[in-house]
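Source file: my_file_31.tsv; contents: TSV, C-alpha atoms (C1' of nucleotides).
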```
chain	number	residue	atom	x	y	z
A	269	MET	CA	-8.79	35.95	-11.68
A	270	THR	CA	-5.20	36.40	-12.80
A	271	ASP	CA	-2.89	33.64	-11.73
A	272	ALA	CA	0.54	35.19	-11.89
A	273	ALA	CA	1.84	32.74	-9.31
A	274	PRO	CA	3.61	29.79	-10.87
A	275	PRO	CA	3.02	26.36	-9.39
A	276	SER	CA	5.28	25.61	-6.46
A	277	LEU	CA	8.30	23.40	-6.88
A	278	LEU	CA	6.66	21.00	-4.44
A	279	TYR	CA	3.82	20.71	-6.91
A	280	SER	CA	6.13	20.29	-9.88
A	281	VAL	CA	7.90	17.42	-8.17
A	282	LYS	CA	4.59	15.78	-7.39
A	283	GLN	CA	3.45	16.14	-10.98
A	284	VAL	CA	6.54	14.44	-12.36
A	285	GLU	CA	6.18	11.66	-9.83
A	286	LEU	CA	2.48	11.17	-10.57
A	287	ALA	CA	3.14	10.97	-14.28
A	288	THR	CA	5.95	8.47	-13.89
A	289	ARG	CA	4.06	6.36	-11.36
A	290	ALA	CA	1.05	6.12	-13.64
A	291	ARG	CA	3.26	4.91	-16.46
A	292	LEU	CA	5.14	2.56	-14.20
A	293	ASP	CA	1.96	1.02	-12.80
A	294	GLU	CA	0.67	0.43	-16.28
A	295	LEU	CA	3.96	-1.06	-17.37
A	296	LEU	CA	4.15	-3.34	-14.33
A	297	ARG	CA	0.52	-4.45	-14.29
A	298	PRO	CA	1.10	-7.68	-16.24
A	299	SER	CA	3.58	-8.77	-13.58
A	300	GLY	CA	1.18	-8.09	-10.75
A	301	VAL	CA	3.61	-5.95	-8.79
A	302	THR	CA	2.80	-2.39	-7.83
A	303	ALA	CA	5.12	0.54	-8.43
A	304	LEU	CA	5.90	0.61	-4.71
A	305	GLN	CA	6.77	-3.08	-4.62
A	306	TYR	CA	8.93	-2.67	-7.69
A	307	THR	CA	10.68	0.26	-6.07
A	308	ALA	CA	11.41	-1.82	-2.98
A	309	LEU	CA	12.94	-4.47	-5.22
A	310	THR	CA	15.20	-1.92	-6.90
A	311	VAL	CA	16.32	-0.69	-3.49
A	312	LEU	CA	17.25	-4.25	-2.56
A	313	GLU	CA	19.05	-4.62	-5.86
A	314	ARG	CA	21.36	-1.82	-4.85
A	315	ARG	CA	21.58	-2.58	-1.17
A	316	ASP	CA	21.02	-6.24	-0.56
A	317	GLY	CA	20.46	-7.39	2.98
A	318	MET	CA	18.34	-4.56	4.29
A	319	SER	CA	15.81	-5.18	7.04
A	320	SER	CA	12.11	-4.53	6.76
A	321	ALA	CA	12.40	-1.61	9.16
A	322	GLU	CA	15.13	-0.01	7.08
A	323	LEU	CA	13.04	-0.35	3.96
A	324	ALA	CA	10.13	1.24	5.79
A	325	ARG	CA	12.19	4.28	6.74
A	326	ASN	CA	13.47	4.50	3.21
A	327	SER	CA	9.94	4.54	1.81
A	328	PHE	CA	8.38	6.75	4.48
A	329	VAL	CA	5.82	4.20	5.58
A	330	THR	CA	5.25	2.53	8.94
A	331	PRO	CA	7.06	-0.71	9.74
A	332	GLN	CA	3.68	-2.46	9.73
A	333	SER	CA	2.95	-1.36	6.18
A	334	MET	CA	6.35	-2.47	4.99
A	335	SER	CA	5.81	-5.79	6.73
A	336	ASP	CA	2.70	-6.28	4.59
A	337	LEU	CA	4.57	-5.37	1.44
A	338	VAL	CA	7.54	-7.56	2.27
A	339	GLY	CA	5.20	-10.42	3.13
A	340	ALA	CA	3.55	-10.12	-0.27
A	341	LEU	CA	6.89	-10.14	-2.07
A	342	GLU	CA	8.02	-13.15	-0.06
A	343	ARG	CA	4.86	-15.10	-0.81
A	344	ARG	CA	5.49	-14.42	-4.48
A	345	GLY	CA	9.01	-15.73	-4.11
A	346	LEU	CA	10.67	-12.51	-5.22
A	347	ILE	CA	12.59	-12.03	-1.97
A	348	ALA	CA	13.76	-14.24	0.87
A	349	ARG	CA	14.21	-13.43	4.54
A	350	SER	CA	16.86	-14.92	6.76
A	351	PRO	CA	17.89	-14.24	10.33
A	352	ASP	CA	20.65	-11.68	10.73
A	353	PRO	CA	23.61	-13.42	12.41
A	354	ALA	CA	24.58	-10.11	13.97
A	355	SER	CA	21.26	-9.43	15.65
A	356	ARG	CA	18.61	-11.97	16.42
A	357	ARG	CA	15.71	-9.58	16.13
A	358	ARG	CA	16.52	-8.49	12.59
A	359	HIS	CA	15.77	-10.36	9.41
A	360	VAL	CA	17.85	-9.53	6.38
A	361	ILE	CA	16.05	-9.45	3.05
A	362	SER	CA	17.59	-10.62	-0.20
A	363	LEU	CA	16.40	-10.79	-3.75
A	364	THR	CA	15.77	-14.29	-5.04
A	365	ASP	CA	16.64	-15.36	-8.56
A	366	ASP	CA	12.99	-14.81	-9.45
A	367	GLY	CA	13.17	-11.32	-8.01
A	368	ARG	CA	16.26	-10.53	-10.02
A	369	ALA	CA	14.63	-11.99	-13.10
A	370	LEU	CA	11.61	-9.75	-12.65
A	371	LEU	CA	13.84	-6.70	-12.38
A	372	ALA	CA	15.78	-7.75	-15.47
A	373	LEU	CA	12.55	-8.35	-17.35
A	374	HIS	CA	11.34	-4.80	-16.83
A	375	ALA	CA	14.64	-2.97	-16.86
A	376	PRO	CA	14.49	-2.05	-20.56
A	377	ALA	CA	10.96	-0.62	-20.36
A	378	VAL	CA	11.79	1.30	-17.19
A	379	GLN	CA	14.92	2.68	-18.80
A	380	HIS	CA	12.84	3.69	-21.78
A	381	LEU	CA	10.43	5.51	-19.48
A	382	GLU	CA	13.30	7.39	-17.90
A	383	ASP	CA	14.66	8.30	-21.32
A	384	GLU	CA	11.23	9.54	-22.30
A	385	MET	CA	11.08	11.72	-19.20
A	386	LEU	CA	14.45	13.18	-20.17
A	387	THR	CA	13.53	13.91	-23.78
A	388	GLY	CA	15.37	17.00	-24.90
A	389	PHE	CA	17.76	16.98	-21.93
A	390	THR	CA	21.42	17.38	-22.70
A	391	ALA	CA	23.90	15.12	-20.94
A	392	ARG	CA	24.86	18.09	-18.82
A	393	GLU	CA	21.25	18.75	-17.87
A	394	ARG	CA	20.77	15.17	-16.83
A	395	THR	CA	23.73	15.43	-14.52
A	396	VAL	CA	22.45	18.68	-13.08
A	397	PHE	CA	18.97	17.23	-12.64
A	398	ARG	CA	20.33	14.27	-10.74
A	399	ASP	CA	22.43	16.53	-8.55
A	400	LEU	CA	19.56	18.86	-7.72
A	401	LEU	CA	17.21	15.99	-6.93
A	402	ASN	CA	19.73	14.34	-4.66
A	403	ARG	CA	20.43	17.60	-2.86
A	404	ALA	CA	16.71	18.26	-2.44
A	405	ARG	CA	16.27	14.79	-1.01
A	406	ALA	CA	19.20	15.23	1.36
A	407	ALA	CA	17.96	18.62	2.54
A	408	LEU	CA	14.70	17.02	3.69
A	409	GLY	CA	16.43	14.85	6.26
B	125	MET	CA	27.97	-7.26	-4.33
B	126	THR	CA	29.32	-4.04	-5.73
B	127	ASP	CA	26.66	-1.53	-6.56
B	128	ALA	CA	28.34	0.80	-9.00
B	129	ALA	CA	24.99	1.71	-10.53
B	130	PRO	CA	23.58	4.95	-9.18
B	131	PRO	CA	19.89	5.10	-8.43
B	132	SER	CA	17.81	6.00	-11.46
B	133	LEU	CA	16.42	9.48	-11.89
B	134	LEU	CA	12.96	7.94	-11.66
B	135	TYR	CA	13.90	6.76	-8.20
B	136	SER	CA	15.38	10.10	-7.20
B	137	VAL	CA	12.19	11.87	-8.18
B	138	LYS	CA	10.17	9.40	-6.17
B	139	GLN	CA	12.38	9.88	-3.14
B	140	VAL	CA	11.97	13.64	-3.16
B	141	GLU	CA	8.25	13.28	-3.56
B	142	LEU	CA	7.99	10.71	-0.76
B	143	ALA	CA	9.95	12.93	1.60
B	144	THR	CA	7.86	16.01	0.84
B	145	ARG	CA	4.58	14.12	1.01
B	146	ALA	CA	5.44	12.70	4.41
B	147	ARG	CA	6.17	16.17	5.69
B	148	LEU	CA	3.11	17.63	4.06
B	149	ASP	CA	0.82	14.96	5.51
B	150	GLU	CA	2.20	15.60	8.95
B	151	LEU	CA	1.81	19.33	8.52
B	152	LEU	CA	-1.75	19.01	7.24
B	153	ARG	CA	-2.96	16.40	9.73
B	154	PRO	CA	-4.47	18.91	12.18
B	155	SER	CA	-6.70	20.21	9.40
B	156	GLY	CA	-7.92	16.76	8.45
B	157	VAL	CA	-7.07	17.11	4.77
B	158	THR	CA	-4.73	14.73	3.02
B	159	ALA	CA	-1.82	15.84	0.87
B	160	LEU	CA	-3.77	14.85	-2.22
B	161	GLN	CA	-6.80	16.88	-1.18
B	162	TYR	CA	-4.60	19.84	-0.41
B	163	THR	CA	-2.97	19.52	-3.80
B	164	ALA	CA	-6.36	19.55	-5.49
B	165	LEU	CA	-7.18	22.76	-3.62
B	166	THR	CA	-3.98	24.41	-4.80
B	167	VAL	CA	-4.78	23.41	-8.36
B	168	LEU	CA	-8.17	25.08	-8.02
B	169	GLU	CA	-6.50	28.12	-6.54
B	170	ARG	CA	-4.59	28.59	-9.74
B	171	ARG	CA	-7.27	27.44	-12.15
B	172	ASP	CA	-10.67	28.06	-10.68
B	173	GLY	CA	-13.64	26.48	-12.40
B	174	MET	CA	-12.16	23.13	-13.35
B	175	SER	CA	-14.41	20.11	-13.58
B	176	SER	CA	-13.98	16.91	-11.61
B	177	ALA	CA	-12.90	15.05	-14.74
B	178	GLU	CA	-10.21	17.63	-15.49
B	179	LEU	CA	-8.90	17.36	-11.95
B	180	ALA	CA	-8.84	13.58	-12.33
B	181	ARG	CA	-6.73	13.76	-15.46
B	182	ASN	CA	-4.47	16.26	-13.77
B	183	SER	CA	-3.92	13.92	-10.82
B	184	PHE	CA	-3.71	10.67	-12.82
B	185	VAL	CA	-6.61	9.01	-11.04
B	186	THR	CA	-9.91	7.70	-12.38
B	187	PRO	CA	-12.90	10.07	-12.54
B	188	GLN	CA	-14.56	7.91	-9.88
B	189	SER	CA	-11.72	8.41	-7.45
B	190	MET	CA	-11.72	12.13	-8.03
B	191	SER	CA	-15.46	12.16	-7.51
B	192	ASP	CA	-14.90	10.70	-4.04
B	193	LEU	CA	-12.25	13.28	-3.25
B	194	VAL	CA	-14.31	16.18	-4.58
B	195	GLY	CA	-17.34	14.94	-2.64
B	196	ALA	CA	-15.30	14.92	0.56
B	197	LEU	CA	-14.08	18.46	-0.03
B	198	GLU	CA	-17.59	19.61	-0.82
B	199	ARG	CA	-19.02	18.07	2.35
B	200	ARG	CA	-16.36	19.90	4.30
B	201	GLY	CA	-17.40	23.15	2.65
B	202	LEU	CA	-14.01	23.81	1.09
B	203	ILE	CA	-15.28	23.82	-2.48
B	204	ALA	CA	-18.61	24.36	-4.21
B	205	ARG	CA	-19.95	22.85	-7.40
B	206	SER	CA	-22.24	24.60	-9.82
B	207	PRO	CA	-23.56	23.68	-13.26
B	208	ASP	CA	-21.46	24.88	-16.15
B	209	PRO	CA	-23.61	27.22	-18.24
B	210	ALA	CA	-21.65	26.21	-21.32
B	211	SER	CA	-22.25	22.48	-20.98
B	212	ARG	CA	-24.95	20.87	-18.93
B	213	ARG	CA	-23.02	17.72	-18.18
B	214	ARG	CA	-20.13	19.53	-16.56
B	215	HIS	CA	-20.00	20.93	-13.06
B	216	VAL	CA	-17.47	23.65	-12.42
B	217	ILE	CA	-15.70	23.56	-9.09
B	218	SER	CA	-14.74	26.67	-7.14
B	219	LEU	CA	-13.00	27.28	-3.88
B	220	THR	CA	-15.21	28.59	-1.11
B	221	ASP	CA	-14.05	31.22	1.36
B	222	ASP	CA	-13.36	28.40	3.79
B	223	GLY	CA	-11.27	26.65	1.17
B	224	ARG	CA	-9.27	29.79	0.51
B	225	ALA	CA	-8.86	30.31	4.26
B	226	LEU	CA	-7.49	26.80	4.66
B	227	LEU	CA	-4.96	27.41	1.91
B	228	ALA	CA	-3.95	30.72	3.44
B	229	LEU	CA	-3.61	29.09	6.84
B	230	HIS	CA	-1.07	26.58	5.62
B	231	ALA	CA	0.69	28.64	2.99
B	232	PRO	CA	3.51	29.76	5.30
B	233	ALA	CA	4.33	26.26	6.50
B	234	VAL	CA	4.19	24.86	2.98
B	235	GLN	CA	6.46	27.63	1.76
B	236	HIS	CA	8.81	26.84	4.61
B	237	LEU	CA	8.85	23.19	3.55
B	238	GLU	CA	9.74	24.18	0.00
B	239	ASP	CA	12.50	26.47	1.27
B	240	GLU	CA	13.82	23.62	3.35
B	241	MET	CA	13.89	21.35	0.31
B	242	LEU	CA	15.87	24.01	-1.53
B	243	THR	CA	18.41	24.54	1.22
B	244	GLY	CA	21.72	25.43	-0.37
B	245	PHE	CA	20.21	26.12	-3.79
B	246	THR	CA	21.21	29.34	-5.47
B	247	ALA	CA	18.54	31.43	-7.13
B	248	ARG	CA	19.85	30.23	-10.45
B	249	GLU	CA	19.64	26.60	-9.38
B	250	ARG	CA	16.05	27.06	-8.29
B	251	THR	CA	15.18	28.40	-11.69
B	252	VAL	CA	16.98	25.55	-13.40
B	253	PHE	CA	15.29	23.01	-11.12
B	254	ARG	CA	11.88	24.38	-11.95
B	255	ASP	CA	12.67	24.36	-15.65
B	256	LEU	CA	13.94	20.78	-15.64
B	257	LEU	CA	10.95	19.54	-13.63
B	258	ASN	CA	8.50	21.25	-15.95
B	259	ARG	CA	10.22	19.85	-19.02
B	260	ALA	CA	10.28	16.36	-17.51
B	261	ARG	CA	6.58	16.63	-16.79
B	262	ALA	CA	5.84	17.88	-20.28
B	263	ALA	CA	7.89	15.12	-21.88
B	264	LEU	CA	5.68	12.51	-20.20
B	265	GLY	CA	2.61	13.67	-22.07
C	99	DC	C1'	19.83	-6.16	36.38
C	100	DT	C1'	16.42	-2.92	34.78
C	101	DC	C1'	14.34	-0.46	31.48
C	102	DA	C1'	13.75	2.13	27.34
C	103	DA	C1'	14.26	1.45	22.48
C	104	DT	C1'	14.10	-1.38	18.39
C	105	DC	C1'	12.50	-5.20	15.18
C	106	DA	C1'	8.92	-7.77	13.67
C	107	DT	C1'	4.23	-9.27	13.42
C	108	DC	C1'	-0.86	-9.85	14.35
C	109	DA	C1'	-5.45	-7.91	14.48
C	110	DG	C1'	-8.80	-4.64	13.19
C	111	DG	C1'	-10.37	-0.77	10.85
C	112	DA	C1'	-10.20	3.45	8.04
C	113	DA	C1'	-9.15	5.39	3.76
C	114	DT	C1'	-8.20	5.17	-0.97
C	115	DC	C1'	-8.82	3.78	-5.41
C	116	DC	C1'	-10.31	0.51	-8.49
C	117	DT	C1'	-13.94	-2.05	-11.81
C	118	DG	C1'	-18.49	-2.28	-13.46
C	119	DA	C1'	-22.87	-0.34	-14.48
C	120	DG	C1'	-25.99	3.28	-15.53
C	121	DT	C1'	-27.81	8.06	-16.75
C	122	DA	C1'	-27.38	12.36	-19.06
C	123	DT	C1'	-25.30	15.28	-22.40
C	124	DC	C1'	-22.82	16.55	-26.36
C	125	DA	C1'	-20.86	16.54	-31.16
C	126	DG	C1'	-20.41	14.76	-35.52
C	127	DA	C1'	-21.69	11.47	-39.50
C	128	DG	C1'	-25.00	10.25	-42.51
D	188	DC	C1'	-33.12	14.90	-37.80
D	189	DT	C1'	-31.30	10.56	-36.13
D	190	DC	C1'	-27.95	7.55	-34.85
D	191	DT	C1'	-23.54	6.71	-32.87
D	192	DG	C1'	-19.65	7.29	-30.21
D	193	DA	C1'	-17.43	9.93	-26.80
D	194	DT	C1'	-17.62	12.42	-22.50
D	195	DA	C1'	-19.15	13.89	-17.60
D	196	DC	C1'	-20.77	12.34	-13.60
D	197	DT	C1'	-22.42	9.16	-10.10
D	198	DC	C1'	-23.57	4.87	-7.43
D	199	DA	C1'	-22.43	0.31	-5.80
D	200	DG	C1'	-19.24	-3.03	-4.40
D	201	DG	C1'	-14.89	-4.77	-3.55
D	202	DA	C1'	-9.81	-5.07	-3.35
D	203	DT	C1'	-5.90	-3.04	-1.63
D	204	DT	C1'	-3.15	-0.22	1.07
D	205	DC	C1'	-1.85	1.73	5.04
D	206	DC	C1'	-2.86	3.13	9.46
D	207	DT	C1'	-3.33	2.59	14.91
D	208	DG	C1'	-2.89	-0.37	18.75
D	209	DA	C1'	-1.04	-4.29	21.03
D	210	DT	C1'	2.33	-8.10	21.79
D	211	DG	C1'	6.65	-10.65	22.12
D	212	DA	C1'	11.52	-11.02	21.51
D	213	DT	C1'	16.00	-8.81	21.53
D	214	DT	C1'	19.31	-5.36	22.38
D	215	DG	C1'	22.07	-1.96	24.66
D	216	DA	C1'	22.58	1.79	27.91
D	217	DG	C1'	22.66	3.14	32.65
```
As a first step, turn the structure in this file into structure tokens.
Amino acid sequence: MTDAAPPSLLYSVKQVELATRARLDELLRPSGVTALQYTALTVLERRDGMSSAELARNSFVTPQSMSDLVGALERRGLIARSPDPASRRRHVISLTDDGRALLALHAPAVQHLEDEMLTGFTARERTVFRDLLNRARAALG
Amino acid sequence: MTDAAPPSLLYSVKQVELATRARLDELLRPSGVTALQYTALTVLERRDGMSSAELARNSFVTPQSMSDLVGALERRGLIARSPDPASRRRHVISLTDDGRALLALHAPAVQHLEDEMLTGFTARERTVFRDLLNRARAALG
DNA sequence: CTCAATCATCAGGAATCCTGAGTATCAGAG
DNA sequence: CTCTGATACTCAGGATTCCTGATGATTGAG
């Protein structure tokens, strides 16, 4: 009857992520890329030349699933794969100009979404939030 | 080539959620409930008597999707639906004893997962983290 | 060299979530 | 009261996602 227990932090994290993903999906719909595909593109933007397997580990999905996703992005011309000179079984993935253009196209709206999420946060709180999130992520292996 | 830009806070939130969901799925697999189903059960634990439509809004999915999920939980005997005396088109959803037992069964492991996520956090930081997450969620409408 | 591990991909299927359509109920305007 | 629009729920069908299992090529350790 009484619910003195506050929601768990696990739940709070999920809620924030659900809310942002819903907004992101809506925002991305016209481009025909999903939030997960967009996320993979932003990862490549920061760390160009990753392999499919690395992306899979980064996104906590199986290599097979990431292969599907990467295949879809390649067919749309947003990324390109090329053999890794250092290891013949790896393929390095790079953003194409189209991929970069798509990221640039949505960057303002995504930034606006982040600003909206941080409404009422002081600069100090934003820094703290980032720090706590990164530490939480690191603590989970 | 240089990637001076730090990952966005949107991305950091997603990473924490991905990491916890992966762990939660693994932890829940023996019971045959998904992380999303488990989450719905915890919501009902705190707010018994919600309708399917309310749960859908809470989880940012369509009412149809939530209807599937609720149907699955009902077939497994973890929840029960009954007509709402106050409004004949609503059905209120309650946890069954089996549903409560399933939550109790996993509560320790889930708590352990949360503790693991908060490794190195002071009590004050946990409070701040909760506050920031709740404010971020609220700011997203 | 041998063998276990890794990368990538194909095939098939299960699960999830969507759109569209339809029924029932409710609340408010006229 | 009646009409209208909104809401709750459900069924049907399909698209997508992501999984398991299997295969082939490559690598590196013993």
Practice problem: Using all atoms listed in the file, collect all residues at a distance of at most 12 Å from (-2.6, 18.2, 0.0) as written in the file, then present them as a PyMOL selection string. | Solution: (chain A and resi 278-279+282) or (chain B and resi 144-153+155-168+183+193+197+226-227+230-231+234)
Could you produce a table of the residues of chain A lying within 9 Å of chain B, with the nearest pair of atoms per residue and their separation in Å rounded to one decimal, using all atoms listed in the file, ordered by chain and increasing residue number, as JSON lines?
```
{"residue": "A:Met269", "atom": "CA", "partner": "B:Asp172", "partner_atom": "CA", "distance": 8.2}
{"residue": "A:Thr270", "atom": "CA", "partner": "B:Arg170", "partner_atom": "CA", "distance": 8.4}
{"residue": "A:Asp271", "atom": "CA", "partner": "B:Arg170", "partner_atom": "CA", "distance": 5.7}
{"residue": "A:Ala272", "atom": "CA", "partner": "B:Arg170", "partner_atom": "CA", "distance": 8.6}
{"residue": "A:Ala273", "atom": "CA", "partner": "B:Arg170", "partner_atom": "CA", "distance": 7.7}
{"residue": "A:Pro274", "atom": "CA", "partner": "B:Arg170", "partner_atom": "CA", "distance": 8.4}
{"residue": "A:Pro275", "atom": "CA", "partner": "B:Arg170", "partner_atom": "CA", "distance": 7.9}
{"residue": "A:Ser276", "atom": "CA", "partner": "B:Glu238", "partner_atom": "CA", "distance": 8.0}
{"residue": "A:Leu277", "atom": "CA", "partner": "B:Arg254", "partner_atom": "CA", "distance": 6.3}
{"residue": "A:Leu278", "atom": "CA", "partner": "B:Glu238", "partner_atom": "CA", "distance": 6.3}
{"residue": "A:Tyr279", "atom": "CA", "partner": "B:Thr163", "partner_atom": "CA", "distance": 7.6}
{"residue": "A:Ser280", "atom": "CA", "partner": "B:Leu257", "partner_atom": "CA", "distance": 6.2}
{"residue": "A:Val281", "atom": "CA", "partner": "B:Glu141", "partner_atom": "CA", "distance": 6.2}
{"residue": "A:Lys282", "atom": "CA", "partner": "B:Glu141", "partner_atom": "CA", "distance": 5.9}
{"residue": "A:Gln283", "atom": "CA", "partner": "B:Arg261", "partner_atom": "CA", "distance": 6.6}
{"residue": "A:Val284", "atom": "CA", "partner": "B:Arg261", "partner_atom": "CA", "distance": 4.9}
{"residue": "A:Glu285", "atom": "CA", "partner": "B:Lys138", "partner_atom": "CA", "distance": 5.9}
{"residue": "A:Leu286", "atom": "CA", "partner": "B:Phe184", "partner_atom": "CA", "distance": 6.6}
{"residue": "A:Ala287", "atom": "CA", "partner": "B:Leu264", "partner_atom": "CA", "distance": 6.6}
{"residue": "A:Thr288", "atom": "CA", "partner": "B:Leu134", "partner_atom": "CA", "distance": 7.4}
{"residue": "A:Arg289", "atom": "CA", "partner": "B:Lys138", "partner_atom": "CA", "distance": 8.6}
{"residue": "A:Ala290", "atom": "CA", "partner": "B:Phe184", "partner_atom": "CA", "distance": 6.6}
{"residue": "A:Arg291", "atom": "CA", "partner": "B:Leu264", "partner_atom": "CA", "distance": 8.8}
{"residue": "A:Thr307", "atom": "CA", "partner": "B:Tyr135", "partner_atom": "CA", "distance": 7.6}
{"residue": "A:Thr310", "atom": "CA", "partner": "B:Pro131", "partner_atom": "CA", "distance": 8.6}
{"residue": "A:Val311", "atom": "CA", "partner": "B:Pro131", "partner_atom": "CA", "distance": 8.4}
{"residue": "A:Glu313", "atom": "CA", "partner": "B:Asp127", "partner_atom": "CA", "distance": 8.2}
{"residue": "A:Arg314", "atom": "CA", "partner": "B:Asp127", "partner_atom": "CA", "distance": 5.6}
{"residue": "A:Arg315", "atom": "CA", "partner": "B:Asp127", "partner_atom": "CA", "distance": 7.5}
{"residue": "A:Asp316", "atom": "CA", "partner": "B:Met125", "partner_atom": "CA", "distance": 8.0}
{"residue": "A:Asn326", "atom": "CA", "partner": "B:Gln139", "partner_atom": "CA", "distance": 8.4}
{"residue": "A:Ser327", "atom": "CA", "partner": "B:Leu142", "partner_atom": "CA", "distance": 7.0}
{"residue": "A:Phe328", "atom": "CA", "partner": "B:Leu142", "partner_atom": "CA", "distance": 6.6}
{"residue": "A:Val329", "atom": "CA", "partner": "B:Ala146", "partner_atom": "CA", "distance": 8.6}
{"residue": "A:Val378", "atom": "CA", "partner": "B:Leu134", "partner_atom": "CA", "distance": 8.7}
{"residue": "A:Gln379", "atom": "CA", "partner": "B:Ser132", "partner_atom": "CA", "distance": 8.6}
{"residue": "A:Leu381", "atom": "CA", "partner": "B:Leu264", "partner_atom": "CA", "distance": 8.5}
{"residue": "A:Glu382", "atom": "CA", "partner": "B:Leu134", "partner_atom": "CA", "distance": 6.3}
{"residue": "A:Glu384", "atom": "CA", "partner": "B:Ala263", "partner_atom": "CA", "distance": 6.5}
{"residue": "A:Met385", "atom": "CA", "partner": "B:Ala260", "partner_atom": "CA", "distance": 5.0}
{"residue": "A:Leu386", "atom": "CA", "partner": "B:Ala260", "partner_atom": "CA", "distance": 5.9}
{"residue": "A:Thr387", "atom": "CA", "partner": "B:Ala263", "partner_atom": "CA", "distance": 6.1}
{"residue": "A:Gly388", "atom": "CA", "partner": "B:Ala263", "partner_atom": "CA", "distance": 8.3}
{"residue": "A:Phe389", "atom": "CA", "partner": "B:Leu256", "partner_atom": "CA", "distance": 8.3}
{"residue": "A:Glu393", "atom": "CA", "partner": "B:Leu256", "partner_atom": "CA", "distance": 7.9}
{"residue": "A:Arg394", "atom": "CA", "partner": "B:Leu133", "partner_atom": "CA", "distance": 8.7}
{"residue": "A:Val396", "atom": "CA", "partner": "B:Phe253", "partner_atom": "CA", "distance": 8.6}
{"residue": "A:Phe397", "atom": "CA", "partner": "B:Leu256", "partner_atom": "CA", "distance": 6.8}
{"residue": "A:Arg398", "atom": "CA", "partner": "B:Leu133", "partner_atom": "CA", "distance": 6.3}
{"residue": "A:Leu400", "atom": "CA", "partner": "B:Phe253", "partner_atom": "CA", "distance": 6.9}
{"residue": "A:Leu401", "atom": "CA", "partner": "B:Ser136", "partner_atom": "CA", "distance": 6.2}
{"residue": "A:Asn402", "atom": "CA", "partner": "B:Ser136", "partner_atom": "CA", "distance": 6.6}
{"residue": "A:Arg403", "atom": "CA", "partner": "B:Leu242", "partner_atom": "CA", "distance": 8.0}
{"residue": "A:Ala404", "atom": "CA", "partner": "B:Met241", "partner_atom": "CA", "distance": 5.0}
{"residue": "A:Arg405", "atom": "CA", "partner": "B:Val140", "partner_atom": "CA", "distance": 4.9}
{"residue": "A:Ala406", "atom": "CA", "partner": "B:Met241", "partner_atom": "CA", "distance": 8.2}
{"residue": "A:Ala407", "atom": "CA", "partner": "B:Met241", "partner_atom": "CA", "distance": 5.4}
{"residue": "A:Leu408", "atom": "CA", "partner": "B:Met241", "partner_atom": "CA", "distance": 5.6}
{"residue": "A:Gly409", "atom": "CA", "partner": "B:Ala143", "partner_atom": "CA", "distance": 8.2}
```
With a cut-off of 8 Å, could you pull out the residues of chain A touching chain C and give me the nearest pair of atoms for each, distance in Å to one decimal, using only C-alpha atoms (C1' of nucleotides), ordered by chain and ascending number, as a tab-separated table?
```
residue	atom	partner	partner_atom	distance
A:Ala321	CA	C:DC105	C1'	7.0
A:Gln332	CA	C:DT107	C1'	7.8
A:Ser335	CA	C:DT107	C1'	7.7
A:Arg357	CA	C:DC105	C1'	5.5
A:Arg358	CA	C:DC105	C1'	5.8
```
Box in all listed atoms of range 101-105 of chain C, axis-aligned, with 3 Å more on each side; write out centre and edge lengths in Å to one decimal as AutoDock Vina command-line options.
```
--center_x 13.4 --center_y -1.5 --center_z 23.3 --size_x 7.8 --size_y 13.3 --size_z 22.3
```
Quiz item: Once you count all atoms listed in the file, which residues of chain D turn out to be within 10 Å of chain B? Could you give them as a ChimeraX atom specification?
Solution: /D:194-198
Exercise. Please indicate the distance in Å from CA of Pro207 in chain B to CA of Leu219 in chain B, rounded to one decimal place.
Key: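 So the two atoms, CA of Pro207 in chain B and CA of Leu219 in chain B, lie 14.6 Å apart.
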Practice problem: For CA of Ile347 in chain A and CA of Gly367 in chain A, quote the distance in Å rounded to one decimal. | Solution: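 Here the two named atoms are 6.1 Å from each other.
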Quiz prompt | Coordinates-based distance that separates CA of Asp222 in chain B from CA of Arg200 in chain B (Å, one decimal) | solution = 9.0 Å
